[in-house]
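Below is the file work-v6.cif, which contains mmCIF, C-alpha atoms.
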data_run
#
loop_
_atom_site.group_PDB
_atom_site.id
_atom_site.type_symbol
_atom_site.label_atom_id
_atom_site.label_comp_id
_atom_site.auth_asym_id
_atom_site.auth_seq_id
_atom_site.Cartn_x
_atom_site.Cartn_y
_atom_site.Cartn_z
ATOM 1 C CA MET A 7 289.915 98.153 146.824
ATOM 2 C CA LYS A 8 291.052 101.598 148.025
ATOM 3 C CA THR A 9 287.462 102.899 147.999
ATOM 4 C CA MET A 10 286.359 99.858 150.002
ATOM 5 C CA VAL A 11 288.816 100.589 152.839
ATOM 6 C CA PRO A 12 286.655 103.176 154.729
ATOM 7 C CA VAL A 13 283.626 100.828 154.558
ATOM 8 C CA LEU A 14 285.747 97.904 155.727
ATOM 9 C CA VAL A 15 287.161 99.998 158.599
ATOM 10 C CA VAL A 16 283.616 100.767 159.841
ATOM 11 C CA VAL A 17 282.593 97.093 159.579
ATOM 12 C CA LEU A 18 285.779 96.009 161.376
ATOM 13 C CA ALA A 19 285.258 98.570 164.166
ATOM 14 C CA ALA A 20 281.797 97.089 164.736
ATOM 15 C CA MET A 21 283.155 93.531 164.625
ATOM 16 C CA PHE A 22 286.026 94.207 167.019
ATOM 17 C CA GLY A 23 283.603 96.050 169.300
ATOM 18 C CA TYR A 24 281.281 93.044 169.397
ATOM 19 C CA ALA A 25 284.026 90.375 169.606
ATOM 20 C CA PRO A 26 284.698 90.820 173.393
ATOM 21 C CA PHE A 27 281.003 90.133 174.113
ATOM 22 C CA LEU A 28 281.070 86.951 172.018
ATOM 23 C CA ILE A 29 284.359 85.822 173.577
ATOM 24 C CA GLY A 30 283.153 86.702 177.089
ATOM 25 C CA GLY A 31 279.950 84.730 176.498
ATOM 26 C CA ALA A 32 281.782 81.630 175.232
ATOM 27 C CA PRO A 33 281.994 78.746 177.735
ATOM 28 C CA TYR A 34 285.186 78.000 179.681
ATOM 29 C CA GLU A 35 287.344 75.082 178.561
ATOM 30 C CA SER A 36 287.247 72.222 181.113
ATOM 31 C CA THR A 37 291.041 71.823 181.655
ATOM 32 C CA MET A 38 292.280 75.380 181.053
ATOM 33 C CA GLY A 39 289.477 77.614 182.314
ATOM 34 C CA LEU A 40 289.554 81.368 181.739
ATOM 35 C CA VAL A 41 293.002 81.565 180.115
ATOM 36 C CA GLN A 42 291.808 79.464 177.151
ATOM 37 C CA LYS A 43 289.895 82.553 175.955
ATOM 38 C CA ILE A 44 293.253 83.845 174.623
ATOM 39 C CA PHE A 45 292.664 81.236 171.910
ATOM 40 C CA TYR A 46 290.126 83.440 170.064
ATOM 41 C CA PHE A 47 292.675 86.162 169.185
ATOM 42 C CA HIS A 48 295.705 83.833 169.192
ATOM 43 C CA PHE A 49 294.319 81.580 166.446
ATOM 44 C CA ALA A 50 292.948 84.575 164.496
ATOM 45 C CA ALA A 51 296.387 86.269 164.582
ATOM 46 C CA TRP A 52 298.037 83.100 163.210
ATOM 47 C CA MET A 53 295.465 82.948 160.423
ATOM 48 C CA GLY A 54 296.349 86.577 159.615
ATOM 49 C CA MET A 55 300.027 85.607 159.597
ATOM 50 C CA PHE A 56 299.436 82.649 157.283
ATOM 51 C CA ALA A 57 297.384 84.823 154.903
ATOM 52 C CA ALA A 58 300.172 87.415 154.908
ATOM 53 C CA ALA A 59 302.770 84.691 154.211
ATOM 54 C CA GLY A 60 300.642 83.493 151.273
ATOM 55 C CA VAL A 61 300.429 87.026 149.851
ATOM 56 C CA CYS A 62 304.177 87.573 150.323
ATOM 57 C CA GLY A 63 304.970 84.230 148.677
ATOM 58 C CA TRP A 64 302.673 84.857 145.736
ATOM 59 C CA GLY A 65 304.016 88.403 145.246
ATOM 60 C CA SER A 66 307.584 87.096 145.507
ATOM 61 C CA ALA A 67 306.947 84.360 142.911
ATOM 62 C CA VAL A 68 305.400 86.816 140.450
ATOM 63 C CA TYR A 69 308.286 89.239 140.984
ATOM 64 C CA LEU A 70 310.914 86.493 140.562
ATOM 65 C CA PHE A 71 309.458 85.130 137.330
ATOM 66 C CA LYS A 72 307.828 88.193 135.750
ATOM 67 C CA ARG A 73 309.730 91.126 137.335
ATOM 68 C CA ARG A 74 306.557 93.067 138.147
ATOM 69 C CA LYS A 75 307.249 95.937 140.579
ATOM 70 C CA SER A 76 303.630 95.857 141.814
ATOM 71 C CA ALA A 77 304.097 92.207 142.874
ATOM 72 C CA ASP A 78 307.248 93.178 144.771
ATOM 73 C CA ALA A 79 305.293 95.913 146.597
ATOM 74 C CA LEU A 80 302.676 93.319 147.551
ATOM 75 C CA ALA A 81 305.383 90.956 148.798
ATOM 76 C CA VAL A 82 306.970 93.631 151.024
ATOM 77 C CA ALA A 83 303.549 94.522 152.475
ATOM 78 C CA GLY A 84 302.822 90.833 153.104
ATOM 79 C CA ALA A 85 306.185 90.229 154.803
ATOM 80 C CA GLU A 86 305.702 93.160 157.165
ATOM 81 C CA LEU A 87 302.255 91.865 158.107
ATOM 82 C CA VAL A 88 303.665 88.381 158.788
ATOM 83 C CA VAL A 89 305.976 90.014 161.337
ATOM 84 C CA VAL A 90 303.159 92.076 162.926
ATOM 85 C CA PHE A 91 300.648 89.198 163.219
ATOM 86 C CA GLY A 92 303.506 86.899 164.236
ATOM 87 C CA ILE A 93 304.378 89.199 167.159
ATOM 88 C CA ILE A 94 300.769 88.914 168.377
ATOM 89 C CA GLY A 95 300.822 85.102 168.041
ATOM 90 C CA LEU A 96 304.269 84.700 169.592
ATOM 91 C CA ILE A 97 303.380 86.822 172.638
ATOM 92 C CA THR A 98 299.806 85.618 173.247
ATOM 93 C CA GLY A 99 300.950 81.973 172.956
ATOM 94 C CA PRO A 100 303.380 82.082 175.911
ATOM 95 C CA LEU A 101 300.815 84.019 177.993
ATOM 96 C CA TRP A 102 298.386 81.145 177.404
ATOM 97 C CA GLY A 103 301.073 78.465 177.853
ATOM 98 C CA ARG A 104 302.271 79.863 181.194
ATOM 99 C CA LYS A 105 298.914 79.002 182.723
ATOM 100 C CA ALA A 106 298.014 75.923 180.635
ATOM 101 C CA TRP A 107 301.404 74.150 180.720
ATOM 102 C CA GLY A 108 303.274 75.933 183.504
ATOM 103 C CA VAL A 109 305.991 77.214 181.135
ATOM 104 C CA TRP A 110 306.289 80.385 179.088
ATOM 105 C CA TRP A 111 307.925 78.685 176.115
ATOM 106 C CA PRO A 112 307.818 74.887 175.606
ATOM 107 C CA TRP A 113 310.297 74.665 172.659
ATOM 108 C CA ASP A 114 307.919 72.165 171.064
ATOM 109 C CA ALA A 115 307.455 71.679 167.305
ATOM 110 C CA ARG A 116 304.655 74.248 166.906
ATOM 111 C CA ALA A 117 306.199 77.068 168.959
ATOM 112 C CA THR A 118 309.670 76.551 167.489
ATOM 113 C CA SER A 119 308.553 76.223 163.853
ATOM 114 C CA ALA A 120 306.350 79.331 164.225
ATOM 115 C CA LEU A 121 309.306 81.255 165.689
ATOM 116 C CA VAL A 122 311.577 80.100 162.839
ATOM 117 C CA MET A 123 308.958 81.143 160.272
ATOM 118 C CA TRP A 124 308.651 84.567 161.918
ATOM 119 C CA LEU A 125 312.463 84.930 161.867
ATOM 120 C CA ILE A 126 312.480 84.138 158.121
ATOM 121 C CA TYR A 127 310.236 87.154 157.521
ATOM 122 C CA VAL A 128 312.293 89.333 159.857
ATOM 123 C CA SER A 129 315.311 88.373 157.729
ATOM 124 C CA TYR A 130 313.278 89.245 154.593
ATOM 125 C CA LEU A 131 312.689 92.766 155.942
ATOM 126 C CA LEU A 132 316.314 93.152 157.086
ATOM 127 C CA LEU A 133 317.451 92.066 153.629
ATOM 128 C CA ARG A 134 315.202 94.686 152.021
ATOM 129 C CA ARG A 135 316.401 97.374 154.423
ATOM 130 C CA PHE A 136 320.167 96.716 154.409
ATOM 131 C CA GLY A 137 320.758 94.380 151.426
ATOM 132 C CA GLY A 138 321.598 97.140 148.963
ATOM 133 C CA PRO A 139 320.904 97.055 145.194
ATOM 134 C CA GLY A 140 319.547 93.740 143.919
ATOM 135 C CA SER A 141 318.361 92.595 147.328
ATOM 136 C CA GLU A 142 314.776 92.494 146.009
ATOM 137 C CA ARG A 143 315.435 89.252 144.095
ATOM 138 C CA LEU A 144 317.160 87.562 147.016
ATOM 139 C CA ALA A 145 314.370 88.715 149.341
ATOM 140 C CA ALA A 146 311.771 87.346 146.900
ATOM 141 C CA ALA A 147 313.413 83.920 147.144
ATOM 142 C CA VAL A 148 313.280 84.191 150.952
ATOM 143 C CA GLY A 149 309.588 85.209 150.733
ATOM 144 C CA LEU A 150 308.812 82.187 148.589
ATOM 145 C CA PHE A 151 310.742 79.901 150.945
ATOM 146 C CA GLY A 152 308.863 81.394 153.912
ATOM 147 C CA MET A 153 305.494 80.602 152.327
ATOM 148 C CA PHE A 154 306.378 76.925 152.000
ATOM 149 C CA ASN A 155 306.840 76.815 155.782
ATOM 150 C CA VAL A 156 303.146 77.500 156.418
ATOM 151 C CA PRO A 157 301.917 73.870 156.034
ATOM 152 C CA PHE A 158 304.760 72.605 158.253
ATOM 153 C CA VAL A 159 303.902 75.092 161.000
ATOM 154 C CA TYR A 160 300.183 74.296 160.766
ATOM 155 C CA TRP A 161 300.539 70.490 160.776
ATOM 156 C CA SER A 162 303.542 70.373 163.126
ATOM 157 C CA VAL A 163 301.209 69.562 166.045
ATOM 158 C CA ASN A 164 299.981 66.445 164.241
ATOM 159 C CA LEU A 165 303.391 65.353 162.911
ATOM 160 C CA TRP A 166 305.390 65.655 166.155
ATOM 161 C CA ARG A 167 304.606 65.165 169.841
ATOM 162 C CA THR A 168 303.850 68.567 171.330
ATOM 163 C CA LEU A 169 302.030 70.167 174.249
ATOM 164 C CA HIS A 170 300.075 72.365 171.858
ATOM 165 C CA PRO A 171 296.399 71.651 171.013
ATOM 166 C CA LYS A 172 296.130 69.689 167.750
ATOM 167 C CA THR A 173 294.435 70.915 164.559
ATOM 168 C CA THR A 174 291.564 68.481 165.297
ATOM 169 C CA VAL A 175 290.402 70.937 167.989
ATOM 170 C CA ILE A 176 289.049 73.372 165.382
ATOM 171 C CA PRO A 177 286.505 71.177 163.517
ATOM 172 C CA THR A 178 285.303 69.571 166.769
ATOM 173 C CA LEU A 179 284.571 72.859 168.550
ATOM 174 C CA PRO A 180 281.001 73.279 169.809
ATOM 175 C CA VAL A 181 279.081 76.186 168.225
ATOM 176 C CA SER A 182 279.401 78.232 171.431
ATOM 177 C CA MET A 183 283.206 78.234 170.990
ATOM 178 C CA GLY A 184 283.334 78.020 167.196
ATOM 179 C CA LEU A 185 281.226 81.145 166.643
ATOM 180 C CA PRO A 186 283.521 83.563 168.550
ATOM 181 C CA LEU A 187 286.559 81.873 166.997
ATOM 182 C CA TRP A 188 285.431 82.274 163.386
ATOM 183 C CA PHE A 189 284.009 85.734 164.088
ATOM 184 C CA SER A 190 287.424 86.858 165.438
ATOM 185 C CA THR A 191 289.211 85.142 162.556
ATOM 186 C CA VAL A 192 287.070 86.919 159.937
ATOM 187 C CA ALA A 193 287.684 90.229 161.777
ATOM 188 C CA PHE A 194 291.457 89.598 161.761
ATOM 189 C CA LEU A 195 291.422 88.685 158.066
ATOM 190 C CA GLY A 196 289.478 91.901 157.380
ATOM 191 C CA LEU A 197 292.067 93.828 159.378
ATOM 192 C CA PHE A 198 294.779 92.081 157.390
ATOM 193 C CA THR A 199 293.130 93.240 154.125
ATOM 194 C CA VAL A 200 292.952 96.872 155.308
ATOM 195 C CA LEU A 201 296.556 96.896 156.560
ATOM 196 C CA LEU A 202 297.785 95.219 153.376
ATOM 197 C CA THR A 203 296.045 97.863 151.249
ATOM 198 C CA LEU A 204 297.532 100.710 153.323
ATOM 199 C CA ARG A 205 301.027 99.202 153.359
ATOM 200 C CA ARG A 206 300.884 98.597 149.617
ATOM 201 C CA ARG A 207 299.845 102.210 149.088
ATOM 202 C CA LEU A 208 302.922 103.280 151.080
ATOM 203 C CA GLU A 209 305.133 101.160 148.819
ATOM 204 C CA GLU A 210 303.536 102.715 145.721
ATOM 205 C CA ARG A 211 304.167 106.223 147.105
ATOM 206 C CA ARG A 212 307.805 105.279 147.700
ATOM 207 C CA THR A 213 308.089 104.166 144.057
ATOM 208 C CA ASP A 214 306.588 107.534 142.986
ATOM 209 C CA LEU A 215 309.163 109.238 145.199
ATOM 210 C CA GLU A 216 312.033 107.361 143.530
ATOM 211 C CA THR A 217 310.701 108.334 140.093
ATOM 212 C CA LEU A 218 310.507 111.996 141.142
ATOM 213 C CA HIS A 219 314.065 111.903 142.547
ATOM 214 C CA LEU A 220 315.320 110.536 139.217
ATOM 215 C CA ALA A 221 313.375 113.200 137.302
ATOM 216 C CA LEU A 222 314.898 115.912 139.506
ATOM 217 C CA GLU A 223 318.442 114.576 138.981
ATOM 218 C CA GLU A 224 317.955 114.680 135.208
ATOM 219 C CA MET B 10 336.318 64.716 176.761
ATOM 220 C CA LYS B 11 333.736 61.903 176.541
ATOM 221 C CA ARG B 12 332.817 62.440 180.183
ATOM 222 C CA LEU B 13 332.368 66.150 179.540
ATOM 223 C CA LEU B 14 330.094 65.421 176.557
ATOM 224 C CA LEU B 15 328.067 62.916 178.584
ATOM 225 C CA LEU B 16 327.703 65.472 181.384
ATOM 226 C CA MET B 17 326.526 68.115 178.903
ATOM 227 C CA VAL B 18 323.954 65.739 177.385
ATOM 228 C CA LEU B 19 322.659 64.840 180.855
ATOM 229 C CA VAL B 20 322.431 68.479 181.967
ATOM 230 C CA CYS B 21 320.614 69.475 178.761
ATOM 231 C CA GLY B 22 318.264 66.502 179.060
ATOM 232 C CA VAL B 23 317.427 67.336 182.683
ATOM 233 C CA GLY B 24 316.899 71.008 181.716
ATOM 234 C CA LEU B 25 314.526 70.168 178.871
ATOM 235 C CA GLY B 26 312.684 67.616 180.977
ATOM 236 C CA ALA B 27 312.188 70.158 183.724
ATOM 237 C CA GLN B 28 310.812 72.642 181.203
ATOM 238 C CA GLN B 29 308.083 70.307 179.983
ATOM 239 C CA PRO B 30 305.787 69.074 182.761
ATOM 240 C CA ALA B 31 303.306 66.284 182.041
ATOM 241 C CA PRO B 32 300.598 67.904 179.897
ATOM 242 C CA SER B 33 297.198 68.225 181.524
ATOM 243 C CA ALA B 34 295.789 70.856 179.132
ATOM 244 C CA ALA B 35 293.467 69.629 176.381
ATOM 245 C CA GLN B 36 295.146 68.703 173.089
ATOM 246 C CA ASP B 37 292.616 66.645 171.145
ATOM 247 C CA GLY B 38 289.444 68.646 171.735
ATOM 248 C CA PHE B 39 288.112 71.498 173.857
ATOM 249 C CA VAL B 40 285.308 70.573 176.272
ATOM 250 C CA PRO B 41 283.097 73.516 177.327
ATOM 251 C CA VAL B 42 282.046 73.925 180.988
ATOM 252 C CA ASP B 43 279.906 76.584 182.701
ATOM 253 C CA GLN B 44 282.099 77.160 185.774
ATOM 254 C CA ILE B 45 285.874 77.451 186.160
ATOM 255 C CA GLN B 46 287.538 74.855 188.408
ATOM 256 C CA LYS B 47 288.862 76.130 191.745
ATOM 257 C CA LYS B 48 292.424 74.812 191.104
ATOM 258 C CA ASP B 49 293.738 78.045 189.543
ATOM 259 C CA GLU B 50 297.210 78.439 191.067
ATOM 260 C CA ILE B 51 298.415 81.045 188.547
ATOM 261 C CA PRO B 52 295.811 83.802 188.135
ATOM 262 C CA ALA B 53 294.468 83.647 184.579
ATOM 263 C CA ALA B 54 292.899 87.118 184.340
ATOM 264 C CA PRO B 55 296.179 89.138 184.131
ATOM 265 C CA LEU B 56 297.488 86.737 181.448
ATOM 266 C CA LEU B 57 294.238 87.015 179.481
ATOM 267 C CA LEU B 58 294.150 90.810 179.733
ATOM 268 C CA SER B 59 297.849 91.055 178.798
ATOM 269 C CA ALA B 60 297.260 88.899 175.712
ATOM 270 C CA TYR B 61 294.426 91.099 174.444
ATOM 271 C CA ALA B 62 296.353 94.268 175.347
ATOM 272 C CA VAL B 63 299.406 93.048 173.408
ATOM 273 C CA ALA B 64 297.241 92.338 170.355
ATOM 274 C CA TRP B 65 295.727 95.821 170.397
ATOM 275 C CA ILE B 66 299.010 97.599 171.126
ATOM 276 C CA ALA B 67 300.710 95.781 168.226
ATOM 277 C CA ILE B 68 297.884 96.712 165.840
ATOM 278 C CA PHE B 69 297.760 100.381 166.921
ATOM 279 C CA VAL B 70 301.545 100.813 166.815
ATOM 280 C CA TYR B 71 301.625 99.323 163.309
ATOM 281 C CA VAL B 72 298.745 101.531 162.048
ATOM 282 C CA TRP B 73 300.500 104.581 163.564
ATOM 283 C CA SER B 74 303.783 103.536 161.897
ATOM 284 C CA ILE B 75 302.115 103.241 158.444
ATOM 285 C CA TRP B 76 300.387 106.590 159.020
ATOM 286 C CA GLN B 77 303.713 108.278 159.837
ATOM 287 C CA ARG B 78 305.590 106.736 156.897
ATOM 288 C CA LEU B 79 302.764 107.509 154.467
ATOM 289 C CA GLY B 80 302.608 111.126 155.707
ATOM 290 C CA LYS B 81 306.378 111.500 155.290
ATOM 291 C CA ALA B 82 306.280 110.087 151.745
ATOM 292 C CA GLU B 83 303.367 112.382 150.789
ATOM 293 C CA ARG B 84 305.223 115.445 152.144
ATOM 294 C CA GLU B 85 308.392 114.528 150.239
ATOM 295 C CA ILE B 86 306.401 113.961 147.020
ATOM 296 C CA ALA B 87 304.708 117.367 147.391
ATOM 297 C CA ASP B 88 308.114 118.984 148.023
ATOM 298 C CA LEU B 89 309.719 117.308 144.984
ATOM 299 C CA ASN B 90 306.745 118.234 142.782
ATOM 300 C CA ARG B 91 307.160 121.878 143.877
ATOM 301 C CA ARG B 92 310.899 121.768 143.097
ATOM 302 C CA LEU B 93 310.261 120.136 139.708
ATOM 303 C CA ALA B 94 307.602 122.750 138.849
ATOM 304 C CA ALA B 95 309.942 125.578 139.912
ATOM 305 C CA GLY B 96 312.767 124.085 137.790
ATOM 306 C CA GLY B 97 310.433 123.769 134.789
ATOM 307 C CA ARG B 98 309.376 127.411 135.054
ATOM 308 C CA ARG B 99 313.009 128.600 135.245
ATOM 309 C CA SER B 100 314.050 126.661 132.125
#
Go through the file and emit its structure as structure tokens.
Amino acid sequence: MKTMVPVLVVVLAAMFGYAPFLIGGAPYESTMGLVQKIFYFHFAAWMGMFAAAGVCGWGSAVYLFKRRKSADALAVAGAELVVVFGIIGLITGPLWGRKAWGVWWPWDARATSALVMWLIYVSYLLLRRFGGPGSERLAAAVGLFGMFNVPFVYWSVNLWRTLHPKTTVIPTLPVSMGLPLWFSTVAFLGLFTVLLTLRRRLEERRTDLETLHLALEE
Amino acid sequence: MKRLLLLMVLVCGVGLGAQQPAPSAAQDGFVPVDQIQKKDEIPAAPLLLSAYAVAWIAIFVYVWSIWQRLGKAEREIADLNRRLAAGGRRS
């Protein structure tokens, strides 16, 4: 995977360079107009966040049951990416909502459940940073718990009454809107893969550093 | 006490109601049109540009942060390797 990163970076640069042209060329939405074009990065960022939550949950489960350090490194990388992609989603959403609904933050089921999920991963990172020895296991349980929130956040718009567009919007999109959406989503998932690889490498270097510190003490 | 509770419930209810105007934005499906309607009271362009700017700023700041942390770890590893090699030579 590490050797694939430079190739992926070049492909992603081309994709992100072309994305504004696709998004600009997409038609306006009849009720929301220009501001609806936030959707193309907003949705893609949430997909990145969900993928990161899945990776963190899987890494956490493997670490909890098999005690593999590499799985723990993957979980930490995933949790950090949930927070980064979540910031994008949580800021672009209100910017869209201000125009579409007249409010920055509607406190509806989707916005609130997404915020709670993001806070779970912030708590994961705080636990890792300040939890002291043994916090890895507790954090892994939080990571696993966070992953199980993904379906609730995704289907919250169908389960409860909200202002947010429902999940039925995605499969019914015309090609002119679906193409830029899926193009942006693939680009974001590619970006997620690159960032996950880099962040995991950082975690591996930190493990090497710990090993060297121990060797020096002996 | 009951009156106070009732007052609080009413105030909260009014506050939440005021926050959520009747939805006019599409929820069930997006309908494409060629031209934007002329009813734009809040300008959309600054919101749209801010959203894309936020996305890029967040990504660049995070890449820069990984770069910095990775560089720091690499420097510390090189330093510790040097100290370990020096210690090995002495003994």
What separation in Å, quoted to one decimal, exists between CA of Gly149 in chain A and CA of Thr199 in chain A?
-> 18.6 Å
Residues at most 12 Å from Ala51 in chain A, counting all atoms listed in the file, excluding those fewer than 6 positions away in the same chain, as a ChimeraX atom specification?
-> /A:44-45,57-58,87-99,187-188,190-198 /B:60-61,63-65,67-68
What's the 9 Å shell around Pro171 in chain A, counting all atoms listed in the file, without same-chain residues fewer than 5 positions away, as a count of residues only?
-> 7
Determine, counting all atoms listed in the file, which protein, DNA and RNA residues have an atom within 10 Å of an atom of range 111-125 of chain A; residues of the same chain fewer than 4 positions away are not included. Present the result as a PyMOL selection string.
-> (chain A and resi 52+55+59+85+88-93+95-97+99-104+107+129-131+151-156+158-172) or (chain B and resi 25+28-30)
What does the PyMOL selection byres ((chain A) within 8 of (chain B)) select in this file, as a ChimeraX atom specification?
-> /A:33-41,43-44,47,90,93-94,97-98,101-102,105-109,112,169-172,174-176,178-180,183,201,204-205,208,211-212,214-215,218-219,221-222
